[in-house]
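Take a look at the structure below.
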Amino acid sequence: MARASKAAPKPDPKTAEGMTASPDEQFAWYRSMLLIRRFEERAGQLYGMGLIGGFCHLYIGQEAIAVGMQSIAHSGDQVITGYRDHGHMLAAGMDPRAVMAELTGRAPGSARGKGGSMHMFDVQAGFYGGHGIVGAQVPIGTGLALANKYRGKPNVCFTYLGDGAANQGQVFEAMNMAALWKLPVVYVIENNQYAMGTSVERATAETHLYRRGAAFNIEGAEVDGMDIEAVRDAGARAAEHARSGGGPFVLEMKTYRYRGHSMSDPAKYRTREEVDEVRKTRDPIDHFRERLEARGLGDETRFKDIDAEVKKIVADAAEFARTAPEPDPRELYTDVYAEA
Amino acid sequence: MTDILMPALSPTMEEGTLAKWTIKEGDRVRSGDVIAEIETDKATMEVEAVDEGVVEALLVPAGAEGVKVNTPIARLRGEGDARSASPAAANAPVQKAAAPEQAAGDPEKRAPETEPARAEGEGATAAALARTSPDPEMPAGAKTVRLTVRDALRDAMAEEMRRDEAVFLMGEEVAQYQGAYKISRGLLEEFGERRVIDTPITEYGFAGVGVGAAFAGLRPIVEFMTFNFAMQAIDAIINSAAKQRYMSGGRSPVRSCSADPTAQRRASPPSTARTIRPGTAPSRG
Ligand SMILES: Cc1ncc(C[n+]2csc(CCOP(=O)(O)OP(=O)(O)O)c2C)c(N)n1
Ligand SMILES: [Mg+2]
């Protein structure tokens, strides 16, 4: 399923890094995807209750990408993405309480209630945002990669962008520099078929987004972004390429967002049948669960336990986010100027 | 038992119509299933279940108007929950559909009929506009029409487009989606695809394209969804457009204008909700 603009590396479950994962690891990915799904459903509900102001873009349907990529990342690697960022943060290990409380704009939120859904940062977790301007994270991620090379660190920056963002001029400018200077960056294009109400076909003359870097001789591959193991396999190859001095790599993750663009989008530009079809036939979580069962790994109680544990974490995060205090109004004046 | 609450479709929504149930009592629902359709005077949205369980009771009948946000609309029985003792108890809390006069409410509090669908990022409401005092310099007896800034912008564009065939509109989501903030509602229908153009998300690029078209004598209206996004294109706006008339000694007047329907909105972050007014309409010449 991987297809490249130059060589076409086929996923080979045996040779790729970490592909001989233990049952525990496999369950950890399952749990991580489920946590994102349940977290996002709850966030949608809190929004409906008027507890989340501003914007809120859910990651439901795309969970295999953030979790799969994170599972092949090395310690010290960085992640940067746009505003559809809750999944990446949870996958990176950020505290669900702090993330949910940031959504509700509360004092113990990840950005003290000042960033909201689209702007959270956790340098310890290697997470560099959370960016509201479409495409802006791409040169920044490239700069993080430059810093890795500059310092001689063996780390890669995973720079996520949407199919719509892939049309921004600064994406091309960044890609050119990344290729020119052989920077350790993997561009992960999450192609969920739509940018707000505009389908990929209506926005770009080259719909194969894995070819985005072709003008700069950047290799690319198309990946089934609904299959966590395909994501891991392609991700590991791309990261290895970047880490070993080969320069940037483009991964086009074919995926789908189940919900509207943001909470107030009635999504009239596509049919209910289209959405239902994907949910039924390609759901990343259901699929992976079936695979675990087929491998004889999943006994019913194990799945039930994970389910219960995840529900508890999410309920706790929601309660925390609902009851935590609002920031002191004086916070308006903090972190505006820095001490010289 | 878990109550399903009437959701808000936007931060400013207070009540809405429960247009339709797509489930009935006794149905098993899974998270993600569509359970109802909800309407405001601006939009219709599907409501999805978050919790799993069996529908114990629908507490609000289909068609009920004026259902307040956060009132329970249905009750779910989860796996661990006991079946409700009497069926009457489950049916008891059914609310009456709001009487029409009650739903209509105080006309001052209701948005005028003309207010288009609320899109992402709602700004000043019509009700808030209605409260602003009239322009003190208005001559006595002048007739006024009450309309939103959004509609005024749309009407102004439509008037110009009717008057001058060289005027056209381009920007993200301006055509098929009718504008991310519903500013361009109806324009695609009236003027067609040649004059109402959806662009990719590439502000610097399409602003420059607009400037080029203006060099050739067309009069493009380039919409930036919000002014924050026009920052991506500031070079085209200032260096290419605004300075051109002067730099060409008047030989190349650039007739273009940029529109940016930004308004302050509750709890929006600095990167996507800032109003920077001066200089948004370069060289209207
Ligand atoms: C520079 C800029 N232009 C426009 C917007 C408004 N906007 C926010 S998200 C979005 C669509 C982006 O779609 P895509 O890149 O496919 O990501 P997805 O939402 O599908 O994850 C647009 C147009 C913005 N935030 N920034
Ligand atoms: Mg997209």
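For the structure tokens, the naming scheme is as follows: chains receive sequential letters (A, B, ...) according to their order of presentation, residues are indexed from 1 within each chain, and ligands are indexed from 1 in presentation order.
Near stretch 294-304 of chain A, within 9 Å and counting only C-alpha atoms, sit Pro23, Phe27, Arg31, Arg289 and Glu309 of chain A; same-chain residues fewer than 5 positions away were not included.
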Just-selected residues, all heavy atoms written as an mmCIF file, in the first residue's frame:
data_model
loop_
_atom_site.group_PDB
_atom_site.id
_atom_site.type_symbol
_atom_site.label_atom_id
_atom_site.label_comp_id
_atom_site.auth_asym_id
_atom_site.auth_seq_id
_atom_site.Cartn_x
_atom_site.Cartn_y
_atom_site.Cartn_z
ATOM 1 N N PRO A 23 2.450 -8.507 22.372
ATOM 2 C CA PRO A 23 1.014 -8.284 22.580
ATOM 3 C C PRO A 23 0.751 -7.059 23.449
ATOM 4 O O PRO A 23 -0.162 -6.279 23.170
ATOM 5 C CB PRO A 23 0.554 -9.563 23.287
ATOM 6 C CG PRO A 23 1.516 -10.609 22.835
ATOM 7 C CD PRO A 23 2.838 -9.903 22.638
ATOM 8 N N PHE A 27 -1.593 -3.891 22.448
ATOM 9 C CA PHE A 27 -2.728 -3.420 23.239
ATOM 10 C C PHE A 27 -2.552 -1.957 23.648
ATOM 11 O O PHE A 27 -3.530 -1.224 23.790
ATOM 12 C CB PHE A 27 -2.958 -4.311 24.461
ATOM 13 C CG PHE A 27 -3.816 -5.503 24.134
ATOM 14 C CD1 PHE A 27 -3.257 -6.753 23.949
ATOM 15 C CD2 PHE A 27 -5.190 -5.350 23.976
ATOM 16 C CE1 PHE A 27 -4.048 -7.833 23.608
ATOM 17 C CE2 PHE A 27 -5.989 -6.429 23.639
ATOM 18 C CZ PHE A 27 -5.415 -7.674 23.454
ATOM 19 N N ARG A 31 -5.279 0.898 23.081
ATOM 20 C CA ARG A 31 -5.734 1.730 24.189
ATOM 21 C C ARG A 31 -5.561 3.214 23.854
ATOM 22 O O ARG A 31 -6.426 4.039 24.111
ATOM 23 C CB ARG A 31 -4.936 1.379 25.439
ATOM 24 C CG ARG A 31 -5.269 2.224 26.652
ATOM 25 C CD ARG A 31 -4.278 1.933 27.773
ATOM 26 N NE ARG A 31 -4.414 2.872 28.854
ATOM 27 C CZ ARG A 31 -3.936 4.114 28.852
ATOM 28 N NH1 ARG A 31 -3.261 4.568 27.804
ATOM 29 N NH2 ARG A 31 -4.123 4.905 29.881
ATOM 30 N N ARG A 289 -8.923 -3.899 16.389
ATOM 31 C CA ARG A 289 -9.443 -4.838 17.378
ATOM 32 C C ARG A 289 -9.708 -6.207 16.737
ATOM 33 O O ARG A 289 -9.330 -7.249 17.276
ATOM 34 C CB ARG A 289 -10.744 -4.287 17.982
ATOM 35 C CG ARG A 289 -11.311 -5.231 18.991
ATOM 36 C CD ARG A 289 -12.606 -4.724 19.589
ATOM 37 N NE ARG A 289 -13.181 -5.794 20.381
ATOM 38 C CZ ARG A 289 -13.815 -5.626 21.523
ATOM 39 N NH1 ARG A 289 -13.995 -4.421 22.001
ATOM 40 N NH2 ARG A 289 -14.292 -6.661 22.173
ATOM 41 N N GLU A 309 -11.141 1.355 31.650
ATOM 42 C CA GLU A 309 -10.066 2.226 32.099
ATOM 43 C C GLU A 309 -10.092 3.549 31.333
ATOM 44 O O GLU A 309 -9.985 4.632 31.922
ATOM 45 C CB GLU A 309 -8.715 1.515 31.877
ATOM 46 C CG GLU A 309 -7.537 2.251 32.468
ATOM 47 C CD GLU A 309 -6.275 2.132 31.634
ATOM 48 O OE1 GLU A 309 -6.209 1.249 30.757
ATOM 49 O OE2 GLU A 309 -5.358 2.954 31.857
#
Residues of chain A within 9 Å of chain B, using only C-alpha atoms, as a PyMOL selection string? chain A and resi 38+41-42+44-55+105+114-116+118-119+131-135+164-169+195-198+202-204+258+262-269
Which chains and residue numbers are within 7 Å of ligand 2, counting only C-alpha atoms and all ligand atoms, if I want them as an MDAnalysis selection string? chainID A and resid 162:164 190:196
Deliver the residues from the most recent selection as a file, using N, CA, C and O atoms, as a compact mmCIF listing (two decimals), in the first residue's frame.
# COMPACT_ATOMS: atom_id res chain seq x y z
N GLY A 162 -2.51 19.19 7.02
CA GLY A 162 -3.70 18.67 6.36
C GLY A 162 -3.57 18.72 4.85
O GLY A 162 -2.62 19.30 4.32
N ASP A 163 -4.54 18.12 4.16
CA ASP A 163 -4.54 18.16 2.70
C ASP A 163 -4.71 19.60 2.22
O ASP A 163 -4.15 20.00 1.21
N GLY A 164 -5.49 20.38 2.96
CA GLY A 164 -5.69 21.78 2.57
C GLY A 164 -4.42 22.58 2.78
O GLY A 164 -4.01 23.38 1.92
N GLU A 190 -1.94 14.54 6.57
CA GLU A 190 -3.15 13.80 6.94
C GLU A 190 -4.24 14.17 5.93
O GLU A 190 -4.93 15.17 6.09
N ASN A 191 -4.35 13.34 4.90
CA ASN A 191 -5.32 13.61 3.85
C ASN A 191 -6.67 13.01 4.24
O ASN A 191 -6.95 11.86 3.96
N ASN A 192 -7.50 13.86 4.87
CA ASN A 192 -8.83 13.40 5.28
C ASN A 192 -9.88 13.81 4.26
O ASN A 192 -11.06 13.85 4.55
N GLN A 193 -9.45 14.13 3.07
CA GLN A 193 -10.28 14.38 1.88
C GLN A 193 -10.89 15.78 1.82
O GLN A 193 -11.35 16.20 0.76
N TYR A 194 -10.94 16.47 2.94
CA TYR A 194 -11.59 17.79 2.93
C TYR A 194 -10.78 18.82 3.70
O TYR A 194 -10.17 18.50 4.72
N ALA A 195 -10.81 20.04 3.20
CA ALA A 195 -10.33 21.19 3.95
C ALA A 195 -11.56 22.05 4.15
O ALA A 195 -12.09 22.59 3.19
N MET A 196 -12.05 22.10 5.36
CA MET A 196 -13.35 22.71 5.62
C MET A 196 -14.36 22.10 4.67
O MET A 196 -14.56 20.89 4.69
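For stretch 197-226 of chain A, backbone-based DSSP assignment of strand (DSSP E) covers Thr198, Ser199, Gly220, Ala221, Glu222, Val223 and Asp224 of chain A.
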Keeping only all heavy atoms, take the residues you just selected and write them out as a CSV table (one decimal), in the first residue's frame.
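Done, and the output landed in selection01.csv:
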chain,number,residue,atom,x,y,z
A,198,THR,N,-14.1,22.1,1.3
A,198,THR,CA,-13.5,21.9,0.0
A,198,THR,C,-12.8,20.6,-0.2
A,198,THR,O,-11.8,20.3,0.6
A,198,THR,CB,-12.5,23.0,-0.3
A,198,THR,OG1,-13.2,24.3,-0.1
A,198,THR,CG2,-12.0,23.0,-1.7
A,199,SER,N,-13.2,19.7,-1.1
A,199,SER,CA,-12.6,18.4,-1.2
A,199,SER,C,-11.3,18.6,-1.9
A,199,SER,O,-11.0,19.6,-2.6
A,199,SER,CB,-13.5,17.5,-2.1
A,199,SER,OG,-13.6,18.1,-3.4
A,220,GLY,N,8.4,10.2,-1.4
A,220,GLY,CA,7.1,10.2,-0.7
A,220,GLY,C,6.5,8.8,-0.8
A,220,GLY,O,6.8,8.0,-1.6
A,221,ALA,N,5.5,8.6,0.1
A,221,ALA,CA,4.8,7.3,0.0
A,221,ALA,C,3.3,7.6,0.4
A,221,ALA,O,3.0,8.4,1.3
A,221,ALA,CB,5.4,6.3,1.0
A,222,GLU,N,2.4,6.8,-0.2
A,222,GLU,CA,1.0,6.9,0.1
A,222,GLU,C,0.7,5.7,1.1
A,222,GLU,O,1.2,4.6,0.9
A,222,GLU,CB,0.2,6.7,-1.1
A,222,GLU,CG,-1.3,6.8,-0.9
A,222,GLU,CD,-2.1,6.5,-2.1
A,222,GLU,OE1,-2.2,7.4,-3.0
A,222,GLU,OE2,-2.5,5.3,-2.3
A,223,VAL,N,0.0,6.0,2.2
A,223,VAL,CA,-0.2,5.1,3.3
A,223,VAL,C,-1.6,5.0,3.6
A,223,VAL,O,-2.3,6.0,3.6
A,223,VAL,CB,0.6,5.5,4.5
A,223,VAL,CG1,0.6,4.5,5.6
A,223,VAL,CG2,2.1,5.8,4.2
A,224,ASP,N,-2.1,3.8,4.0
A,224,ASP,CA,-3.5,3.7,4.5
A,224,ASP,C,-3.5,4.2,5.9
A,224,ASP,O,-3.0,3.5,6.8
A,224,ASP,CB,-3.9,2.2,4.4
A,224,ASP,CG,-5.3,2.0,5.0
A,224,ASP,OD1,-5.9,3.0,5.5
A,224,ASP,OD2,-5.8,0.9,5.0
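Considering only C-alpha atoms and all ligand atoms, the residue among A:Ala315, A:Ala107, A:Cys56, A:Val186 positioned nearest to ligand 1 is A:Cys56.
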Residue contacts of A:Ala179 (12 Å, only C-alpha atoms) excluding same-chain residues fewer than 2 positions away, as a JSON list (two decimals) with all heavy atoms, in the first residue's frame:
[["chain", "number", "residue", "atom", "x", "y", "z"],
["A", 142, "THR", "N", 10.22, 22.41, 10.25],
["A", 142, "THR", "CA", 11.46, 22.31, 9.49],
["A", 142, "THR", "C", 12.60, 22.97, 10.28],
["A", 142, "THR", "O", 13.74, 22.50, 10.29],
["A", 142, "THR", "CB", 11.27, 22.98, 8.11],
["A", 142, "THR", "OG1", 10.10, 22.40, 7.49],
["A", 142, "THR", "CG2", 12.47, 22.76, 7.21],
["A", 145, "ALA", "N", 13.76, 20.72, 12.95],
["A", 145, "ALA", "CA", 14.67, 19.73, 12.36],
["A", 145, "ALA", "C", 16.05, 20.33, 12.13],
["A", 145, "ALA", "O", 17.08, 19.68, 12.35],
["A", 145, "ALA", "CB", 14.08, 19.20, 11.05],
["A", 146, "LEU", "N", 16.08, 21.59, 11.71],
["A", 146, "LEU", "CA", 17.36, 22.27, 11.53],
["A", 146, "LEU", "C", 18.13, 22.29, 12.85],
["A", 146, "LEU", "O", 19.34, 22.04, 12.88],
["A", 146, "LEU", "CB", 17.13, 23.69, 11.01],
["A", 146, "LEU", "CG", 18.40, 24.48, 10.69],
["A", 146, "LEU", "CD1", 18.23, 25.28, 9.41],
["A", 146, "LEU", "CD2", 18.84, 25.41, 11.82],
["A", 172, "PHE", "N", 5.91, 24.62, 0.45],
["A", 172, "PHE", "CA", 6.89, 24.35, -0.61],
["A", 172, "PHE", "C", 8.24, 24.99, -0.28],
["A", 172, "PHE", "O", 9.29, 24.41, -0.53],
["A", 172, "PHE", "CB", 6.36, 24.87, -1.95],
["A", 172, "PHE", "CG", 5.12, 24.16, -2.40],
["A", 172, "PHE", "CD1", 3.87, 24.54, -1.96],
["A", 172, "PHE", "CD2", 5.23, 23.07, -3.25],
["A", 172, "PHE", "CE1", 2.73, 23.88, -2.37],
["A", 172, "PHE", "CE2", 4.09, 22.38, -3.66],
["A", 172, "PHE", "CZ", 2.84, 22.79, -3.22],
["A", 173, "GLU", "N", 8.18, 26.18, 0.25],
["A", 173, "GLU", "CA", 9.42, 26.87, 0.59],
["A", 173, "GLU", "C", 10.20, 26.08, 1.63],
["A", 173, "GLU", "O", 11.42, 25.90, 1.55],
["A", 173, "GLU", "CB", 9.11, 28.28, 1.10],
["A", 173, "GLU", "CG", 8.43, 29.14, 0.02],
["A", 173, "GLU", "CD", 8.01, 30.52, 0.53],
["A", 173, "GLU", "OE1", 8.65, 31.04, 1.46],
["A", 173, "GLU", "OE2", 7.05, 31.08, -0.03],
["A", 174, "ALA", "N", 9.46, 25.58, 2.63],
["A", 174, "ALA", "CA", 10.09, 24.80, 3.70],
["A", 174, "ALA", "C", 10.66, 23.49, 3.15],
["A", 174, "ALA", "O", 11.78, 23.09, 3.47],
["A", 174, "ALA", "CB", 9.09, 24.52, 4.81],
["A", 175, "MET", "N", 9.88, 22.85, 2.28],
["A", 175, "MET", "CA", 10.34, 21.58, 1.72],
["A", 175, "MET", "C", 11.63, 21.76, 0.93],
["A", 175, "MET", "O", 12.54, 20.92, 1.00],
["A", 175, "MET", "CB", 9.25, 20.97, 0.83],
["A", 175, "MET", "CG", 8.13, 20.31, 1.61],
["A", 175, "MET", "SD", 6.93, 19.59, 0.48],
["A", 175, "MET", "CE", 5.87, 18.72, 1.67],
["A", 176, "ASN", "N", 11.71, 22.82, 0.20],
["A", 176, "ASN", "CA", 12.92, 23.08, -0.58],
["A", 176, "ASN", "C", 14.14, 23.18, 0.33],
["A", 176, "ASN", "O", 15.17, 22.54, 0.09],
["A", 176, "ASN", "CB", 12.75, 24.35, -1.41],
["A", 176, "ASN", "CG", 13.98, 24.63, -2.27],
["A", 176, "ASN", "OD1", 14.56, 23.70, -2.84],
["A", 176, "ASN", "ND2", 14.38, 25.89, -2.34],
["A", 177, "MET", "N", 14.00, 23.94, 1.40],
["A", 177, "MET", "CA", 15.15, 24.09, 2.32],
["A", 177, "MET", "C", 15.48, 22.77, 3.00],
["A", 177, "MET", "O", 16.65, 22.41, 3.18],
["A", 177, "MET", "CB", 14.84, 25.17, 3.36],
["A", 177, "MET", "CG", 14.91, 26.56, 2.78],
["A", 177, "MET", "SD", 14.56, 27.85, 3.99],
["A", 177, "MET", "CE", 12.78, 27.97, 3.88],
["A", 181, "TRP", "N", 19.13, 21.18, 2.54],
["A", 181, "TRP", "CA", 20.03, 21.04, 3.68],
["A", 181, "TRP", "C", 19.93, 19.67, 4.35],
["A", 181, "TRP", "O", 20.45, 19.44, 5.42],
["A", 181, "TRP", "CB", 19.72, 22.14, 4.72],
["A", 181, "TRP", "CG", 19.90, 23.52, 4.16],
["A", 181, "TRP", "CD1", 20.76, 23.90, 3.18],
["A", 181, "TRP", "CD2", 19.17, 24.70, 4.55],
["A", 181, "TRP", "NE1", 20.63, 25.26, 2.93],
["A", 181, "TRP", "CE2", 19.67, 25.77, 3.77],
["A", 181, "TRP", "CE3", 18.17, 24.96, 5.48],
["A", 181, "TRP", "CZ2", 19.18, 27.08, 3.89],
["A", 181, "TRP", "CZ3", 17.69, 26.26, 5.60],
["A", 181, "TRP", "CH2", 18.20, 27.30, 4.80],
["A", 182, "LYS", "N", 19.21, 18.75, 3.72],
["A", 182, "LYS", "CA", 19.03, 17.39, 4.24],
["A", 182, "LYS", "C", 18.62, 17.38, 5.72],
["A", 182, "LYS", "O", 19.27, 16.77, 6.58],
["A", 182, "LYS", "CB", 20.31, 16.57, 4.04],
["A", 182, "LYS", "CG", 20.63, 16.27, 2.58],
["A", 182, "LYS", "CD", 21.00, 14.81, 2.42],
["A", 182, "LYS", "CE", 21.37, 14.40, 1.00],
["A", 182, "LYS", "NZ", 20.46, 14.88, -0.05],
["A", 183, "LEU", "N", 17.53, 18.06, 6.01],
["A", 183, "LEU", "CA", 17.08, 18.17, 7.39],
["A", 183, "LEU", "C", 16.25, 16.95, 7.79],
["A", 183, "LEU", "O", 15.50, 16.42, 6.98],
["A", 183, "LEU", "CB", 16.25, 19.46, 7.56],
["A", 183, "LEU", "CG", 16.98, 20.75, 7.20],
["A", 183, "LEU", "CD1", 16.08, 21.96, 7.43],
["A", 183, "LEU", "CD2", 18.28, 20.89, 8.00],
["A", 184, "PRO", "N", 16.40, 16.55, 9.06],
["A", 184, "PRO", "CA", 15.68, 15.36, 9.53],
["A", 184, "PRO", "C", 14.22, 15.67, 9.87],
["A", 184, "PRO", "O", 13.85, 15.82, 11.03],
["A", 184, "PRO", "CB", 16.47, 14.95, 10.78],
["A", 184, "PRO", "CG", 17.04, 16.22, 11.31],
["A", 184, "PRO", "CD", 17.31, 17.09, 10.10],
["A", 185, "VAL", "N", 13.41, 15.77, 8.83],
["A", 185, "VAL", "CA", 12.00, 16.07, 9.05],
["A", 185, "VAL", "C", 11.15, 15.10, 8.23],
["A", 185, "VAL", "O", 11.49, 14.77, 7.10],
["A", 185, "VAL", "CB", 11.69, 17.55, 8.68],
["A", 185, "VAL", "CG1", 12.18, 17.91, 7.30],
["A", 185, "VAL", "CG2", 10.21, 17.87, 8.82],
["A", 186, "VAL", "N", 10.08, 14.61, 8.85],
["A", 186, "VAL", "CA", 9.10, 13.79, 8.12],
["A", 186, "VAL", "C", 7.81, 14.59, 8.04],
["A", 186, "VAL", "O", 7.24, 14.97, 9.06],
["A", 186, "VAL", "CB", 8.85, 12.44, 8.83],
["A", 186, "VAL", "CG1", 7.74, 11.67, 8.11],
["A", 186, "VAL", "CG2", 10.13, 11.61, 8.89],
["A", 187, "TYR", "N", 7.39, 14.90, 6.82],
["A", 187, "TYR", "CA", 6.13, 15.62, 6.63],
["A", 187, "TYR", "C", 5.01, 14.59, 6.56],
["A", 187, "TYR", "O", 5.01, 13.74, 5.67],
["A", 187, "TYR", "CB", 6.17, 16.44, 5.34],
["A", 187, "TYR", "CG", 7.26, 17.50, 5.35],
["A", 187, "TYR", "CD1", 8.42, 17.37, 4.58],
["A", 187, "TYR", "CD2", 7.13, 18.63, 6.16],
["A", 187, "TYR", "CE1", 9.41, 18.33, 4.60],
["A", 187, "TYR", "CE2", 8.13, 19.61, 6.19],
["A", 187, "TYR", "CZ", 9.27, 19.45, 5.41],
["A", 187, "TYR", "OH", 10.25, 20.40, 5.44],
["A", 213, "GLY", "N", 6.58, 16.80, -2.51],
["A", 213, "GLY", "CA", 7.97, 17.22, -2.49],
["A", 213, "GLY", "C", 8.73, 16.85, -3.76],
["A", 213, "GLY", "O", 9.95, 17.02, -3.84],
["A", 214, "ALA", "N", 8.02, 16.36, -4.76],
["A", 214, "ALA", "CA", 8.68, 15.84, -5.96],
["A", 214, "ALA", "C", 9.56, 16.90, -6.63],
["A", 214, "ALA", "O", 10.64, 16.58, -7.13],
["A", 214, "ALA", "CB", 7.64, 15.31, -6.94],
["A", 215, "ALA", "N", 9.13, 18.15, -6.60],
["A", 215, "ALA", "CA", 9.91, 19.21, -7.26],
["A", 215, "ALA", "C", 11.27, 19.40, -6.60],
["A", 215, "ALA", "O", 12.18, 19.98, -7.18],
["A", 215, "ALA", "CB", 9.13, 20.52, -7.24],
["A", 216, "PHE", "N", 11.39, 18.90, -5.37],
["A", 216, "PHE", "CA", 12.66, 19.04, -4.64],
["A", 216, "PHE", "C", 13.32, 17.68, -4.43],
["A", 216, "PHE", "O", 14.17, 17.52, -3.56],
["A", 216, "PHE", "CB", 12.42, 19.73, -3.29],
["A", 216, "PHE", "CG", 11.46, 20.88, -3.40],
["A", 216, "PHE", "CD1", 10.18, 20.80, -2.86],
["A", 216, "PHE", "CD2", 11.82, 22.04, -4.08],
["A", 216, "PHE", "CE1", 9.29, 21.86, -2.99],
["A", 216, "PHE", "CE2", 10.93, 23.09, -4.22],
["A", 216, "PHE", "CZ", 9.66, 23.00, -3.68],
["A", 217, "ASN", "N", 12.86, 16.70, -5.21],
["A", 217, "ASN", "CA", 13.39, 15.34, -5.11],
["A", 217, "ASN", "C", 13.19, 14.73, -3.73],
["A", 217, "ASN", "O", 14.02, 13.94, -3.27],
["A", 217, "ASN", "CB", 14.88, 15.30, -5.47],
["A", 217, "ASN", "CG", 15.09, 15.70, -6.91],
["A", 217, "ASN", "OD1", 14.31, 15.30, -7.79],
["A", 217, "ASN", "ND2", 16.10, 16.51, -7.16],
["A", 218, "ILE", "N", 12.10, 15.11, -3.07],
["A", 218, "ILE", "CA", 11.80, 14.48, -1.78],
["A", 218, "ILE", "C", 10.95, 13.24, -2.03],
["A", 218, "ILE", "O", 9.93, 13.30, -2.71],
["A", 218, "ILE", "CB", 11.04, 15.45, -0.84],
["A", 218, "ILE", "CG1", 11.86, 16.72, -0.61],
["A", 218, "ILE", "CG2", 10.73, 14.76, 0.49],
["A", 218, "ILE", "CD1", 11.14, 17.76, 0.25],
["A", 219, "GLU", "N", 11.41, 12.14, -1.47],
["A", 219, "GLU", "CA", 10.68, 10.89, -1.63],
["A", 219, "GLU", "C", 9.36, 10.94, -0.87],
["A", 219, "GLU", "O", 9.28, 11.58, 0.19],
["A", 219, "GLU", "CB", 11.53, 9.75, -1.07],
["A", 219, "GLU", "CG", 11.84, 8.67, -2.06],
["A", 219, "GLU", "CD", 12.63, 7.56, -1.41],
["A", 219, "GLU", "OE1", 13.86, 7.72, -1.27],
["A", 219, "GLU", "OE2", 12.00, 6.57, -1.03],
["A", 242, "ALA", "N", 15.20, 9.89, 7.37],
["A", 242, "ALA", "CA", 15.52, 11.24, 7.84],
["A", 242, "ALA", "C", 16.63, 11.21, 8.89],
["A", 242, "ALA", "O", 17.54, 12.02, 8.88],
["A", 242, "ALA", "CB", 14.27, 11.91, 8.40],
["A", 245, "GLY", "N", 20.37, 10.81, 7.83],
["A", 245, "GLY", "CA", 20.99, 11.81, 6.97],
["A", 245, "GLY", "C", 20.44, 11.87, 5.56],
["A", 245, "GLY", "O", 20.95, 12.58, 4.70],
["A", 246, "GLY", "N", 19.37, 11.13, 5.30],
["A", 246, "GLY", "CA", 18.80, 11.11, 3.95],
["A", 246, "GLY", "C", 17.94, 12.32, 3.63],
["A", 246, "GLY", "O", 17.48, 12.48, 2.50],
["A", 247, "GLY", "N", 17.68, 13.15, 4.64],
["A", 247, "GLY", "CA", 16.84, 14.34, 4.41],
["A", 247, "GLY", "C", 15.37, 14.05, 4.60],
["A", 247, "GLY", "O", 14.99, 13.01, 5.15],
["A", 248, "PRO", "N", 14.53, 14.97, 4.15],
["A", 248, "PRO", "CA", 13.10, 14.88, 4.44],
["A", 248, "PRO", "C", 12.40, 13.74, 3.70],
["A", 248, "PRO", "O", 12.94, 13.18, 2.74],
["A", 248, "PRO", "CB", 12.55, 16.23, 3.95],
["A", 248, "PRO", "CG", 13.53, 16.69, 2.93],
["A", 248, "PRO", "CD", 14.87, 16.18, 3.37],
["A", 249, "PHE", "N", 11.20, 13.43, 4.16],
["A", 249, "PHE", "CA", 10.36, 12.39, 3.55],
["A", 249, "PHE", "C", 8.92, 12.85, 3.68],
["A", 249, "PHE", "O", 8.55, 13.49, 4.66],
["A", 249, "PHE", "CB", 10.56, 11.06, 4.28],
["A", 249, "PHE", "CG", 10.21, 9.85, 3.45],
["A", 249, "PHE", "CD1", 11.19, 9.12, 2.80],
["A", 249, "PHE", "CD2", 8.88, 9.45, 3.32],
["A", 249, "PHE", "CE1", 10.86, 8.01, 2.02],
["A", 249, "PHE", "CE2", 8.55, 8.35, 2.54],
["A", 249, "PHE", "CZ", 9.54, 7.62, 1.89],
["A", 250, "VAL", "N", 8.11, 12.54, 2.68],
["A", 250, "VAL", "CA", 6.69, 12.91, 2.73],
["A", 250, "VAL", "C", 5.84, 11.65, 2.84],
["A", 250, "VAL", "O", 5.98, 10.73, 2.04],
["A", 250, "VAL", "CB", 6.26, 13.69, 1.46],
["A", 250, "VAL", "CG1", 4.74, 13.94, 1.47],
["A", 250, "VAL", "CG2", 7.01, 15.01, 1.35]]
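With atom 20 (O, counted along the ligand's line) of ligand 1 on one side and atom CA of B:Thr40 on the other, the separation reads 25.5 Å.
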Would you kindly return, as a count of residues only, each protein, DNA or RNA residue with an atom no farther than 10 Å from any atom of A:Ala73, considering only C-alpha atoms and excluding same-chain residues fewer than 5 positions away? 13
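One finds atom CA of B:Met225 at 8.7 Å from atom CA of B:Val174.
You can rank B:Leu147, B:Ile238, B:Ala230, B:Val254 by their closest distance to ligand 1 using only C-alpha atoms and all ligand atoms, and at the top of that list sits B:Ala230.
Using only C-alpha atoms and all ligand atoms, the smallest distance between any of B:Ile183, B:Leu153, B:Cys257, B:Ala233 and ligand 1 comes from B:Ala233.
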Kindly indicate which residue among A:Leu90, A:Val200, A:Ile228, A:Val123 lies nearest to ligand 1, using only C-alpha atoms and all ligand atoms for the distances. A:Val200
Counting only C-alpha atoms, which residue out of A:Val314, A:Ala324, A:Val275, A:Leu34 sits closest to A:Pro96? A:Val314
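Across B:Thr226, B:Ser248, B:Ser256, B:Thr17, the tightest approach to ligand 1 is made by B:Thr226 when counting only C-alpha atoms and all ligand atoms.
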Tell me, which residues of stretch 72-156 of chain A carry DSSP helix (DSSP H, G or I), written as a ChimeraX atom specification? /A:72,86-91,96-103,137-150
